[in-house]
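K.L.:
If you scroll down you'll find the structure; I have some questions about it.
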Amino acid sequence: SMKLEVMFNIKDVVEDITYGSVSISTIGIGQNENKAFIAAFSNIHSNNSKVAEMVQSSKEAIILYYNTNAERIIRDAYSLSQKGYYDDALMELAKIPDVCTDSYEKASDATYEIYCKKINSEGDDLLKKARIEWAASPNVNGAISAASYLDEINMLASCMGEVNRLLDEINAKVKDDDRKAWEFKLQQYSDICKKILHFPLFYIRKRVRAEKKM
């Protein structure tokens, strides 16, 4: 037989925070050490009262931690976004679970704001590259190269008005004999614009919440 003392932890390994732990004593009997070891673990059931209590207390500890630290997390996210680290900022905000209702609402608002800054910044950079391509080669090849950058701009970016003006300029200058290739690329761009995958889920949730409050 084999007697084991098994420690269970609920832990955030990134932040190195332990929210709960419990030690369970168990005995396993088997024909050899490996079988006894497996039998010992098999005797620990998922409905074990000590484990259940540890899970519940850990949930409460997690909620308390994020409610207590939400303001700091949001400040850190804004600080990261000001340095241009938008993805890191969004990941920071994503730590706050939705069970922390008030804190989650604040994090959602910050997420929307930072996401808009992210797509606006990325859109401006891509538009600049598209303009450089078109200025260097004001022909169908330059048009297609420019459009490849415009394809990547999120439809919610603030520069979309300028994107459409650039497309109109390119469309007006492309020669008739090159128009077929350009129109094919333009259709590809139109198809991308129709994809709802560009539309962030949390933006939809924010709109729904706003409508419910009206």
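Chain lettering (A, B, ...) mirrors the order of the structure tokens, residue numbering begins at 1 for each chain separately, and ligand numbering begins at 1 in order of display.
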Which residues are near Val55 of chain A? Cut-off 10 Å, only C-alpha atoms, ignore same chain within fewer than 6 positions. Put them as an mmCIF file with all heavy atoms, in the first residue's frame.
P.N.:
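part.cif, freshly written:
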data_model
loop_
_atom_site.group_PDB
_atom_site.id
_atom_site.type_symbol
_atom_site.label_atom_id
_atom_site.label_comp_id
_atom_site.auth_asym_id
_atom_site.auth_seq_id
_atom_site.Cartn_x
_atom_site.Cartn_y
_atom_site.Cartn_z
ATOM 1 N N PHE A 8 -3.435 20.385 -3.410
ATOM 2 C CA PHE A 8 -4.122 21.036 -4.528
ATOM 3 C C PHE A 8 -4.037 22.554 -4.342
ATOM 4 O O PHE A 8 -4.283 23.074 -3.243
ATOM 5 C CB PHE A 8 -5.592 20.609 -4.592
ATOM 6 C CG PHE A 8 -5.794 19.171 -4.968
ATOM 7 C CD1 PHE A 8 -5.872 18.177 -3.992
ATOM 8 C CD2 PHE A 8 -5.894 18.808 -6.298
ATOM 9 C CE1 PHE A 8 -6.058 16.850 -4.343
ATOM 10 C CE2 PHE A 8 -6.077 17.477 -6.661
ATOM 11 C CZ PHE A 8 -6.150 16.497 -5.670
ATOM 12 N N ASN A 9 -3.697 23.256 -5.414
ATOM 13 C CA ASN A 9 -3.597 24.711 -5.361
ATOM 14 C C ASN A 9 -4.405 25.342 -6.488
ATOM 15 O O ASN A 9 -4.465 24.794 -7.598
ATOM 16 C CB ASN A 9 -2.141 25.172 -5.508
ATOM 17 C CG ASN A 9 -1.287 24.766 -4.327
ATOM 18 O OD1 ASN A 9 -1.670 24.976 -3.186
ATOM 19 N ND2 ASN A 9 -0.132 24.186 -4.604
ATOM 20 N N ILE A 10 -5.004 26.459 -6.214
ATOM 21 C CA ILE A 10 -5.547 27.319 -7.266
ATOM 22 C C ILE A 10 -4.674 28.568 -7.264
ATOM 23 O O ILE A 10 -4.656 29.326 -6.281
ATOM 24 C CB ILE A 10 -7.026 27.680 -7.019
ATOM 25 C CG1 ILE A 10 -7.877 26.413 -7.161
ATOM 26 C CG2 ILE A 10 -7.499 28.738 -8.003
ATOM 27 C CD1 ILE A 10 -9.366 26.636 -6.952
ATOM 28 N N TYR A 19 -4.503 31.523 -4.483
ATOM 29 C CA TYR A 19 -5.809 31.908 -3.961
ATOM 30 C C TYR A 19 -6.367 30.882 -2.980
ATOM 31 O O TYR A 19 -7.211 31.211 -2.143
ATOM 32 C CB TYR A 19 -6.805 32.089 -5.113
ATOM 33 C CG TYR A 19 -6.446 33.235 -6.019
ATOM 34 C CD1 TYR A 19 -5.951 33.010 -7.301
ATOM 35 C CD2 TYR A 19 -6.591 34.552 -5.593
ATOM 36 C CE1 TYR A 19 -5.617 34.065 -8.129
ATOM 37 C CE2 TYR A 19 -6.266 35.611 -6.420
ATOM 38 C CZ TYR A 19 -5.768 35.365 -7.690
ATOM 39 O OH TYR A 19 -5.434 36.413 -8.505
ATOM 40 N N GLY A 20 -5.905 29.647 -3.095
ATOM 41 C CA GLY A 20 -6.390 28.621 -2.190
ATOM 42 C C GLY A 20 -5.562 27.359 -2.312
ATOM 43 O O GLY A 20 -4.952 27.098 -3.351
ATOM 44 N N SER A 21 -5.516 26.589 -1.240
ATOM 45 C CA SER A 21 -4.796 25.313 -1.271
ATOM 46 C C SER A 21 -5.399 24.371 -0.234
ATOM 47 O O SER A 21 -5.992 24.820 0.759
ATOM 48 C CB SER A 21 -3.312 25.521 -1.002
ATOM 49 O OG SER A 21 -3.108 26.038 0.291
ATOM 50 N N VAL A 22 -5.254 23.097 -0.488
ATOM 51 C CA VAL A 22 -5.749 22.104 0.455
ATOM 52 C C VAL A 22 -4.917 20.832 0.306
ATOM 53 O O VAL A 22 -4.471 20.500 -0.795
ATOM 54 C CB VAL A 22 -7.250 21.795 0.210
ATOM 55 C CG1 VAL A 22 -7.467 21.149 -1.152
ATOM 56 C CG2 VAL A 22 -7.815 20.926 1.325
ATOM 57 N N SER A 49 -15.262 17.065 -0.118
ATOM 58 C CA SER A 49 -15.738 18.278 0.564
ATOM 59 C C SER A 49 -14.621 19.298 0.782
ATOM 60 O O SER A 49 -14.838 20.509 0.659
ATOM 61 C CB SER A 49 -16.377 17.904 1.908
ATOM 62 O OG SER A 49 -15.437 17.256 2.750
ATOM 63 N N ALA A 61 -11.774 34.617 -3.089
ATOM 64 C CA ALA A 61 -10.487 35.304 -3.003
ATOM 65 C C ALA A 61 -10.132 35.980 -4.330
ATOM 66 O O ALA A 61 -9.582 37.088 -4.355
ATOM 67 C CB ALA A 61 -9.389 34.325 -2.599
#
K.L.:
Give me the residues within 12 Å of Ile44 of chain A as a list in words, counting only C-alpha atoms and dropping any in the same chain fewer than 4 places off.
P.N.:
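Skipping anything fewer than 4 positions along the chain leaves Leu4, Glu5, Val6, Met7, Phe8, Ser23, Ile24, Ser25, Thr26, Ile27, Gly28, Phe37, Ile38, Ala39, Ala40, Asn48, Ser49, Lys50, Val51 and Ala52 of chain A.
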K.L.:
Run DSSP on the backbone of this structure and report the residues of segment 10-204 of chain A it assigns to alpha helix (DSSP H), as number ranges by chain.
P.N.:
A: 33-42, 49-82, 86-93, 101-136, 140-150, 160-173, 179-193, 201-204
K.L.:
Taking only segment 11-212 of chain A into account, list the residues labelled strand (DSSP E) by DSSP (computed from the backbone), as a list in words.
P.N.:
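Restricting segment 11-212 of chain A to strand (DSSP E) produces Lys11, Asp12, Ile17, Thr18, Tyr19, Gly20, Ser21, Val22, Ser23, Ile24, Ser25, Thr26, Ile27 and Gly28 of chain A.
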K.L.:
What gap, in Å, lies between atom CA of Tyr149 of chain A and atom CA of Leu126 of chain A?
P.N.:
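The value is 5.6 Å.
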K.L.:
I'd like the neighbourhood of Ala135 of chain A as a list in words, where a residue qualifies if any of its atoms comes within 12 Å (using only C-alpha atoms), though same-chain residues fewer than 5 positions away should be ignored.
P.N.:
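Those residues are Lys128, Lys129, Ala130, Val140, Asn141, Gly142, Ala143, Ser145, Ala146, Leu166, Glu169, Ile170 and Lys173 of chain A.
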K.L.:
Which value, in Å to one decimal, gives the distance between atom CA of Glu60 of chain A and atom CA of Lys11 of chain A?
P.N.:
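Here the two named atoms are 13.2 Å from each other.
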K.L.:
Would you pick out the contacts of Ala110 of chain A at 8 Å or less, using only C-alpha atoms, so that residues sharing its chain but fewer than 4 positions from it are not included, and give the list as a CSV table (one decimal) with N, CA, C and O atoms, in the first residue's frame?
P.N.:
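Listing of out17.csv after writing:
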chain,number,residue,atom,x,y,z
A,74,ILE,N,-6.3,48.8,-14.4
A,74,ILE,CA,-6.8,49.7,-15.4
A,74,ILE,C,-5.8,50.9,-15.6
A,74,ILE,O,-5.5,51.2,-16.8
A,78,TYR,N,-3.8,51.7,-19.2
A,78,TYR,CA,-3.7,53.0,-19.8
A,78,TYR,C,-2.2,53.5,-20.0
A,78,TYR,O,-1.9,54.0,-21.0
A,93,LEU,N,-6.2,44.2,-19.2
A,93,LEU,CA,-7.6,44.4,-18.9
A,93,LEU,C,-8.4,43.1,-18.9
A,93,LEU,O,-9.4,42.9,-18.2
A,106,LYS,N,-16.0,48.7,-15.8
A,106,LYS,CA,-14.9,49.7,-16.0
A,106,LYS,C,-13.8,49.2,-16.9
A,106,LYS,O,-13.3,50.0,-17.8
A,114,ILE,N,-9.1,51.8,-25.5
A,114,ILE,CA,-7.8,51.4,-25.9
A,114,ILE,C,-7.8,50.7,-27.2
A,114,ILE,O,-6.9,50.9,-28.1
K.L.:
Would you pick out the contacts of Asp102 of chain A at 10 Å or less, using only C-alpha atoms, so that residues sharing its chain but fewer than 5 positions from it are not included, and give the list as a ChimeraX atom specification?
P.N.:
/A:67,70,107-108
K.L.:
Smallest atom-to-atom distance to Ile17 of chain A: which of A:Ile29, A:Asn47, A:Gln56, A:Ile62, using only C-alpha atoms?
P.N.:
A:Ile62
K.L.:
I want to know what sits within 12 Å of Gln82 of chain A, based on only C-alpha atoms, with residues of the same chain fewer than 3 positions away left out; could you give that as a count of residues only?
P.N.:
15
